[in-house]
Amino acid sequence: MTKESKKYVCPYCGEGFDTAEGLKEHVFKMHKGCGLPVPEGGIRLTINKSEYELKVEPNWTLYYLIHDVLGLTGSKQFCDRGACGSCTMIVDGKPVLSCMMLAIECDRKTVETVEGIAAEGHPLIGAYVKHHAMQCGYCTPGFVVTSKALLDRNPDPTEEEIIEALAGNICRCGTYPQHVIAVKETAAKLQVEKAAGKGEK
Amino acid sequence: MKEFKHFNAYSIDEAVSLLGRYGDRACVIAGGTDLLGKMKDVILPTYPEAVINIKTIPDLNYITQSDEMLKIGALTTLAEIAHSEAVRSRCLALAEAACRAASPQIRNMGTIAGNICQDLRCWYYRNQNNRFSCLRKKGGRCYAIKGDNRYHSIFGGSVSGGCMAVHPSDTAPALIALDAKIKTSSRMIDAQDFFEVKPVKTTVLKTDEIVTEIQVPAPPAGTSSTFLKFALRKSIDFPIVNCAAMITVKDGKVAGARICLNAVHVVPYRAARAEKVIIGKSLNEAVAEEAGQAAVAEAKPLEHNKYMVAVARTLVKRAILACTG
């Protein structure tokens, strides 16, 4: 390609130029206001409140980066095609499927995984254990992450809203009714904690 | 996934110039929920050399409304459209379609432009490792015609008359029913003329063209629209058949109607015969039934998908009745 044969290569898109003037003109025209170029394959992101600077390959998914490279093995991969919800992570406040997201595109994003939810002592974990919302447990991290995202957005969801929010997660053991109970109990508990916190102040 | 080059485009011009450079050896990625599945399964004989990320283009994620137009940026996610008050109040069919597509997580990732540009669904075409070299891959024949065709076209094929795959988009029929226009990096296209199935292609977009905006005109007074979807599961499922309708009623009579079915043909199927039936009439159960019959009058079902004709007929009928009340 042009990249190997030309002397001046655009750091943003890799297009090659013969002269520095040509490159300068191209950068001003195409990449004005883009900020400094990041080194190739480099991303900065926040995972569970820790900041990372990583070099990733273009064909790594976010799931591969977090599960296989960084070793946070809480999230699970089942279908790898975006159809089961086991690999759900919260990216910039929204639950998304990490198996269908390229890691290289997560530059400057904030990611929260099930480990982060456990580390902050979120009452969802206790409620899931108490109501035994699992059998084999493989889908559970995905459900917990999706539920956490729901409670962040909507602190007092109705039963319909919980079912709607969890519609993207599949559990082959059929533990669905327990999830609704666990999420409802957590919501009530968080409301009480919030009210108590306000009272103290 | 195999190796590929990855580029972030920071402007529409940059995306177009990258596409111009790589031509059909590059793929555009926005939400990625369709493309990454295709790349993981290696369904195509050729693997993309480069993937061009357009999520990094600023200011392509918006919903703005004026008196005559609702404008939706290409990178607006399906979840944002489903929850937008402006979309829900002005074009219910689009909000409902966005709301019923895929699963909550995928709606947080998938964009409206990606939803209309997604590839066809056919278990032969999408079989792993390019197992069936079908017509869409410039191969010899369509394996669905004599194979298991329970989810295939009931209105005949395309790609020179052969391919029986169906277009799975939920928002495409809604946009066609709402008479939307699709703005690309170089021109404006009517939603209805946007879809065209050729080998490896599902739209009329050129290799160096991307969708930048969807424009939905404000419906005239007395108009209501609706979207209905029939699928095996309520969530995380593609439609067996879906139907969008926009009907304008004036003095108790239908003054204008646009009805579009999808997942029944290689491109969204406009039920023009059904529209003709209801124009100038006042709507009731009998008229809706007649329109449903007319909608599937040209159906040519295959061996295993005759049930889809009944589903399509009923959806057209229910969509018309939903618009009346």
# chains A, B, ... in the order shown; residues from 1 in each chain; ligands from 1
>>> closest_atom_pairs(of="chain A", to="chain B", cutoff="7 Å", atoms="only C-alpha atoms", output="Markdown table")
| residue | atom | partner | partner_atom | distance |
| --- | --- | --- | --- | --- |
| A:Cys13 | CA | B:Phe7 | CA | 6.1 |
| A:Met30 | CA | B:Glu14 | CA | 5.8 |
| A:His31 | CA | B:Tyr10 | CA | 6.6 |
| A:Cys34 | CA | B:Tyr10 | CA | 6.8 |
| A:Pro58 | CA | B:His6 | CA | 5.8 |
| A:Asn59 | CA | B:Met1 | CA | 5.9 |
| A:Arg81 | CA | B:Gly37 | CA | 5.5 |
| A:Gly82 | CA | B:Thr33 | CA | 6.9 |
| A:Ala83 | CA | B:Ile236 | CA | 6.4 |
| A:Lys94 | CA | B:Asn108 | CA | 6.9 |
| A:Pro95 | CA | B:Gln105 | CA | 5.6 |
| A:Val96 | CA | B:Gln105 | CA | 4.6 |
| A:Leu97 | CA | B:Gln105 | CA | 6.2 |
| A:Met100 | CA | B:Thr33 | CA | 5.6 |
| A:Met101 | CA | B:Gly32 | CA | 6.6 |
| A:Ala165 | CA | B:Pro104 | CA | 6.4 |
| A:Ala167 | CA | B:Ser235 | CA | 5.9 |
| A:Gly168 | CA | B:Ser103 | CA | 4.6 |
>>> write_last_selection(atoms="C-alpha atoms", output="short mmCIF file (atom, residue, chain, number, x, y, z; two decimals), in the first residue's frame")
data_model
loop_
_atom_site.label_atom_id
_atom_site.label_comp_id
_atom_site.auth_asym_id
_atom_site.auth_seq_id
_atom_site.Cartn_x
_atom_site.Cartn_y
_atom_site.Cartn_z
CA CYS A 13 -5.29 7.62 8.79
CA MET A 30 -8.99 16.11 6.97
CA HIS A 31 -8.03 16.03 10.64
CA CYS A 34 -8.82 15.95 16.16
CA PRO A 58 -7.51 -4.17 16.07
CA ASN A 59 -9.17 -7.59 16.16
CA ARG A 81 -22.45 -13.32 18.61
CA GLY A 82 -24.35 -10.79 20.71
CA ALA A 83 -27.35 -13.01 21.35
CA LYS A 94 -25.00 1.89 29.39
CA PRO A 95 -25.14 -1.90 29.39
CA VAL A 96 -23.56 -3.19 26.18
CA LEU A 97 -22.24 -6.49 24.85
CA MET A 100 -19.51 -7.24 19.92
CA MET A 101 -17.34 -4.23 20.65
CA ALA A 165 -34.37 -4.27 30.94
CA ALA A 167 -34.81 -8.97 28.06
CA GLY A 168 -31.35 -9.14 26.49
#
>>> select_by_dssp(residues="region 52-129 of chain B", states="helix (DSSP H, G or I)", output="number ranges by chain")
B: 78-83, 85-90, 92-100, 104-109, 112-117, 128-129
>>> write_last_selection(atoms="N, CA and C atoms", output="CSV table (one decimal), in the first residue's frame")
chain,number,residue,atom,x,y,z
B,78,LEU,N,-30.4,3.0,18.5
B,78,LEU,CA,-31.8,2.6,18.5
B,78,LEU,C,-32.5,2.9,19.8
B,79,ALA,N,-31.7,2.8,20.9
B,79,ALA,CA,-32.3,3.1,22.2
B,79,ALA,C,-32.7,4.5,22.3
B,80,GLU,N,-31.8,5.4,21.8
B,80,GLU,CA,-32.1,6.8,21.9
B,80,GLU,C,-33.4,7.2,21.1
B,81,ILE,N,-33.5,6.5,19.9
B,81,ILE,CA,-34.7,6.7,19.1
B,81,ILE,C,-36.0,6.2,19.8
B,82,ALA,N,-35.8,5.0,20.4
B,82,ALA,CA,-37.0,4.4,21.0
B,82,ALA,C,-37.5,5.2,22.2
B,83,HIS,N,-36.6,5.9,22.9
B,83,HIS,CA,-37.0,6.7,24.1
B,83,HIS,C,-37.2,8.2,23.8
B,85,GLU,N,-38.9,11.4,23.0
B,85,GLU,CA,-40.3,11.9,23.0
B,85,GLU,C,-40.7,12.5,21.6
B,86,ALA,N,-39.7,13.2,21.0
B,86,ALA,CA,-40.0,13.8,19.7
B,86,ALA,C,-40.4,12.7,18.6
B,87,VAL,N,-39.6,11.6,18.6
B,87,VAL,CA,-39.9,10.5,17.6
B,87,VAL,C,-41.2,9.9,18.0
B,88,ARG,N,-41.4,9.6,19.3
B,88,ARG,CA,-42.6,8.9,19.7
B,88,ARG,C,-43.9,9.7,19.4
B,89,SER,N,-43.8,11.0,19.6
B,89,SER,CA,-45.1,11.8,19.3
B,89,SER,C,-45.3,12.0,17.8
B,90,ARG,N,-44.2,12.1,17.0
B,90,ARG,CA,-44.4,12.4,15.6
B,90,ARG,C,-44.4,11.2,14.7
B,92,LEU,N,-44.7,7.5,15.5
B,92,LEU,CA,-44.8,6.3,16.4
B,92,LEU,C,-44.2,5.0,15.8
B,93,ALA,N,-44.5,4.9,14.5
B,93,ALA,CA,-44.0,3.6,13.9
B,93,ALA,C,-42.5,3.4,14.0
B,94,LEU,N,-41.7,4.5,13.9
B,94,LEU,CA,-40.3,4.4,14.0
B,94,LEU,C,-39.9,4.1,15.4
B,95,ALA,N,-40.5,4.8,16.4
B,95,ALA,CA,-40.2,4.6,17.8
B,95,ALA,C,-40.5,3.1,18.2
B,96,GLU,N,-41.6,2.6,17.7
B,96,GLU,CA,-42.0,1.2,18.0
B,96,GLU,C,-41.0,0.3,17.4
B,97,ALA,N,-40.6,0.6,16.1
B,97,ALA,CA,-39.7,-0.3,15.4
B,97,ALA,C,-38.4,-0.4,16.1
B,98,ALA,N,-37.9,0.8,16.5
B,98,ALA,CA,-36.6,0.9,17.2
B,98,ALA,C,-36.7,0.1,18.6
B,99,CYS,N,-37.8,0.2,19.2
B,99,CYS,CA,-38.1,-0.4,20.5
B,99,CYS,C,-38.1,-1.9,20.4
B,100,ARG,N,-38.6,-2.4,19.3
B,100,ARG,CA,-38.7,-3.9,19.2
B,100,ARG,C,-37.5,-4.6,18.5
B,104,PRO,N,-32.1,-5.1,24.6
B,104,PRO,CA,-31.7,-3.8,25.1
B,104,PRO,C,-30.3,-3.4,24.9
B,105,GLN,N,-29.4,-4.4,25.2
B,105,GLN,CA,-27.9,-4.1,25.0
B,105,GLN,C,-27.6,-3.7,23.6
B,106,ILE,N,-28.2,-4.5,22.6
B,106,ILE,CA,-27.9,-4.2,21.2
B,106,ILE,C,-28.4,-2.9,20.8
B,107,ARG,N,-29.6,-2.5,21.4
B,107,ARG,CA,-30.2,-1.2,21.0
B,107,ARG,C,-29.3,-0.1,21.6
B,108,ASN,N,-28.5,-0.3,22.7
B,108,ASN,CA,-27.6,0.7,23.2
B,108,ASN,C,-26.4,0.8,22.3
B,109,MET,N,-26.1,-0.2,21.4
B,109,MET,CA,-24.9,-0.2,20.6
B,109,MET,C,-25.3,0.2,19.1
B,112,ILE,N,-29.1,3.7,13.9
B,112,ILE,CA,-30.2,3.7,12.9
B,112,ILE,C,-29.7,3.4,11.5
B,113,ALA,N,-28.5,4.0,11.2
B,113,ALA,CA,-28.0,3.8,9.8
B,113,ALA,C,-27.5,2.4,9.7
B,114,GLY,N,-26.9,1.9,10.7
B,114,GLY,CA,-26.5,0.5,10.7
B,114,GLY,C,-27.6,-0.5,10.6
B,115,ASN,N,-28.8,-0.1,11.2
B,115,ASN,CA,-29.9,-1.0,11.1
B,115,ASN,C,-30.5,-1.1,9.7
B,116,ILE,N,-30.4,0.0,9.0
B,116,ILE,CA,-30.9,-0.1,7.6
B,116,ILE,C,-29.9,-0.6,6.6
B,117,CYS,N,-28.6,-0.5,7.0
B,117,CYS,CA,-27.5,-1.0,6.1
B,117,CYS,C,-27.1,-2.5,6.5
B,128,GLN,N,-21.1,-20.6,8.7
B,128,GLN,CA,-19.7,-20.3,9.0
B,128,GLN,C,-18.7,-20.8,8.0
B,129,ASN,N,-17.6,-20.1,7.9
B,129,ASN,CA,-16.5,-20.4,7.0
B,129,ASN,C,-16.9,-20.5,5.5
>>> atom_distance(atom1="CA of His265 (chain B)", atom2="CA of Thr248 (chain B)")
26.1 Å
>>> atom_distance(atom1="CA of Thr76 (chain B)", atom2="CA of Ser185 (chain B)")
16.4 Å
>>> select_by_dssp(residues="region 14-178 of chain B", states="strand (DSSP E or B)", output="list in words")
Ala26, Cys27, Val28, Ile29, Ala50, Val51, Ile52, Asn53, Ile63, Thr64, Gln65, Met69, Leu70, Lys71, Ile72, Gly73, Thr77, Thr111, Arg121, Cys134, Arg141, Ser158, Cys163 and Val166 of chain B
>>> write_last_selection(atoms="C-alpha atoms", output="short mmCIF file (atom, residue, chain, number, x, y, z; two decimals), in the first residue's frame")
data_model
loop_
_atom_site.label_atom_id
_atom_site.label_comp_id
_atom_site.auth_asym_id
_atom_site.auth_seq_id
_atom_site.Cartn_x
_atom_site.Cartn_y
_atom_site.Cartn_z
CA ALA B 26 -13.00 -2.05 3.57
CA CYS B 27 -16.03 -2.23 5.86
CA VAL B 28 -17.62 0.59 7.79
CA ILE B 29 -18.25 -0.07 11.49
CA ALA B 50 -9.63 -2.56 6.73
CA VAL B 51 -12.38 -1.60 9.14
CA ILE B 52 -13.30 2.07 9.26
CA ASN B 53 -14.80 3.29 12.51
CA ILE B 63 -32.51 14.08 16.93
CA THR B 64 -33.75 17.54 15.95
CA GLN B 65 -37.26 18.54 15.00
CA MET B 69 -38.94 17.68 9.35
CA LEU B 70 -37.56 15.35 11.98
CA LYS B 71 -33.84 14.83 11.47
CA ILE B 72 -31.97 11.91 12.96
CA GLY B 73 -28.19 11.63 12.81
CA THR B 77 -28.62 4.57 18.64
CA THR B 111 -27.30 2.78 15.19
CA ARG B 121 -30.40 -13.06 7.09
CA CYS B 134 -24.43 -18.97 -2.76
CA ARG B 141 -27.16 -21.13 -6.80
CA SER B 158 -33.44 -11.16 -6.44
CA CYS B 163 -31.49 -15.16 -3.77
CA VAL B 166 -34.87 -11.75 3.64
#
>>> residues_around(residues="Pro141 (chain A)", least_positions_apart="6", cutoff="8 Å", atoms="only C-alpha atoms", output="PDB file with N, CA and C atoms, in the first residue's frame")
ATOM      1  N   GLY A  74     -14.663 -12.356  35.516  1.00  0.00           N
ATOM      2  CA  GLY A  74     -16.058 -12.385  35.964  1.00  0.00           C
ATOM      3  C   GLY A  74     -17.048 -12.474  34.826  1.00  0.00           C
ATOM      4  N   SER A  75     -16.884 -11.620  33.810  1.00  0.00           N
ATOM      5  CA  SER A  75     -17.837 -11.668  32.704  1.00  0.00           C
ATOM      6  C   SER A  75     -17.585 -12.916  31.872  1.00  0.00           C
ATOM      7  N   LYS A  76     -18.646 -13.455  31.334  1.00  0.00           N
ATOM      8  CA  LYS A  76     -18.553 -14.743  30.651  1.00  0.00           C
ATOM      9  C   LYS A  76     -18.900 -14.610  29.174  1.00  0.00           C
ATOM     10  N   SER A  86     -24.411 -12.680  28.232  1.00  0.00           N
ATOM     11  CA  SER A  86     -23.512 -13.108  29.314  1.00  0.00           C
ATOM     12  C   SER A  86     -22.315 -12.187  29.485  1.00  0.00           C
ATOM     13  N   CYS A  87     -21.904 -11.529  28.410  1.00  0.00           N
ATOM     14  CA  CYS A  87     -20.684 -10.722  28.460  1.00  0.00           C
ATOM     15  C   CYS A  87     -20.988  -9.246  28.693  1.00  0.00           C
ATOM     16  N   THR A  88     -22.215  -8.941  29.168  1.00  0.00           N
ATOM     17  CA  THR A  88     -22.605  -7.529  29.331  1.00  0.00           C
ATOM     18  C   THR A  88     -21.648  -6.774  30.263  1.00  0.00           C
ATOM     19  N   VAL A 114     -18.448  -6.814  36.387  1.00  0.00           N
ATOM     20  CA  VAL A 114     -19.060  -7.395  37.581  1.00  0.00           C
ATOM     21  C   VAL A 114     -18.088  -7.334  38.768  1.00  0.00           C
TER      22      VAL A 114
END
>>> residues_around(residues="Leu65 (chain A)", least_positions_apart="4", cutoff="8 Å", atoms="only C-alpha atoms", output="list in words")
Val56, Trp60, Thr61, Val69, Leu70 and Ala103 of chain A
>>> write_last_selection(atoms="N, CA and C atoms", output="PDB file, in the first residue's frame")
ATOM      1  N   VAL A  56      -3.499  -2.375  22.099  1.00  0.00           N
ATOM      2  CA  VAL A  56      -4.395  -3.466  21.704  1.00  0.00           C
ATOM      3  C   VAL A  56      -4.287  -3.726  20.210  1.00  0.00           C
ATOM      4  N   TRP A  60      -9.061  -7.406  18.609  1.00  0.00           N
ATOM      5  CA  TRP A  60      -9.456  -7.786  19.965  1.00  0.00           C
ATOM      6  C   TRP A  60     -10.815  -7.186  20.282  1.00  0.00           C
ATOM      7  N   THR A  61     -11.695  -7.993  20.836  1.00  0.00           N
ATOM      8  CA  THR A  61     -12.940  -7.414  21.339  1.00  0.00           C
ATOM      9  C   THR A  61     -12.685  -6.913  22.763  1.00  0.00           C
ATOM     10  N   VAL A  69      -6.879 -10.804  28.512  1.00  0.00           N
ATOM     11  CA  VAL A  69      -5.617 -10.072  28.644  1.00  0.00           C
ATOM     12  C   VAL A  69      -5.446  -9.516  30.056  1.00  0.00           C
ATOM     13  N   LEU A  70      -6.487  -8.845  30.563  1.00  0.00           N
ATOM     14  CA  LEU A  70      -6.370  -8.256  31.898  1.00  0.00           C
ATOM     15  C   LEU A  70      -6.735  -9.261  33.002  1.00  0.00           C
ATOM     16  N   ALA A 103     -12.074  -3.530  21.126  1.00  0.00           N
ATOM     17  CA  ALA A 103     -11.358  -2.869  22.223  1.00  0.00           C
ATOM     18  C   ALA A 103     -10.745  -1.555  21.754  1.00  0.00           C
TER      19      ALA A 103
END
>>> residues_around(residues="region 39-55 of chain A", least_positions_apart="4", cutoff="6 Å", atoms="only C-alpha atoms", output="PyMOL selection string")
chain A and resi 107-112+116
>>> decode(residues="region 73-104 of chain A", atoms="C-alpha atoms", output="short mmCIF file (atom, residue, chain, number, x, y, z; two decimals), in the first residue's frame")
data_model
loop_
_atom_site.label_atom_id
_atom_site.label_comp_id
_atom_site.auth_asym_id
_atom_site.auth_seq_id
_atom_site.Cartn_x
_atom_site.Cartn_y
_atom_site.Cartn_z
CA THR A 73 -12.71 -13.32 34.44
CA GLY A 74 -16.06 -12.38 35.96
CA SER A 75 -17.84 -11.67 32.70
CA LYS A 76 -18.55 -14.74 30.65
CA GLN A 77 -18.58 -15.51 26.96
CA PHE A 78 -21.20 -17.88 25.74
CA CYS A 79 -22.52 -17.18 22.24
CA ASP A 80 -19.86 -14.66 21.10
CA ARG A 81 -22.45 -13.32 18.61
CA GLY A 82 -24.35 -10.79 20.71
CA ALA A 83 -27.35 -13.01 21.35
CA CYS A 84 -27.10 -14.07 25.01
CA GLY A 85 -26.02 -11.13 27.19
CA SER A 86 -23.51 -13.11 29.31
CA CYS A 87 -20.68 -10.72 28.46
CA THR A 88 -22.61 -7.53 29.33
CA MET A 89 -20.48 -4.67 30.69
CA ILE A 90 -21.42 -1.11 31.52
CA VAL A 91 -19.67 1.27 29.11
CA ASP A 92 -20.23 4.97 29.76
CA GLY A 93 -23.26 4.15 31.88
CA LYS A 94 -25.00 1.89 29.39
CA PRO A 95 -25.14 -1.90 29.39
CA VAL A 96 -23.56 -3.19 26.18
CA LEU A 97 -22.24 -6.49 24.85
CA SER A 98 -18.48 -6.62 25.20
CA CYS A 99 -18.16 -9.48 22.69
CA MET A 100 -19.51 -7.24 19.92
CA MET A 101 -17.34 -4.23 20.65
CA LEU A 102 -13.78 -3.72 19.41
CA ALA A 103 -11.36 -2.87 22.22
CA ILE A 104 -9.58 -0.35 20.00
#
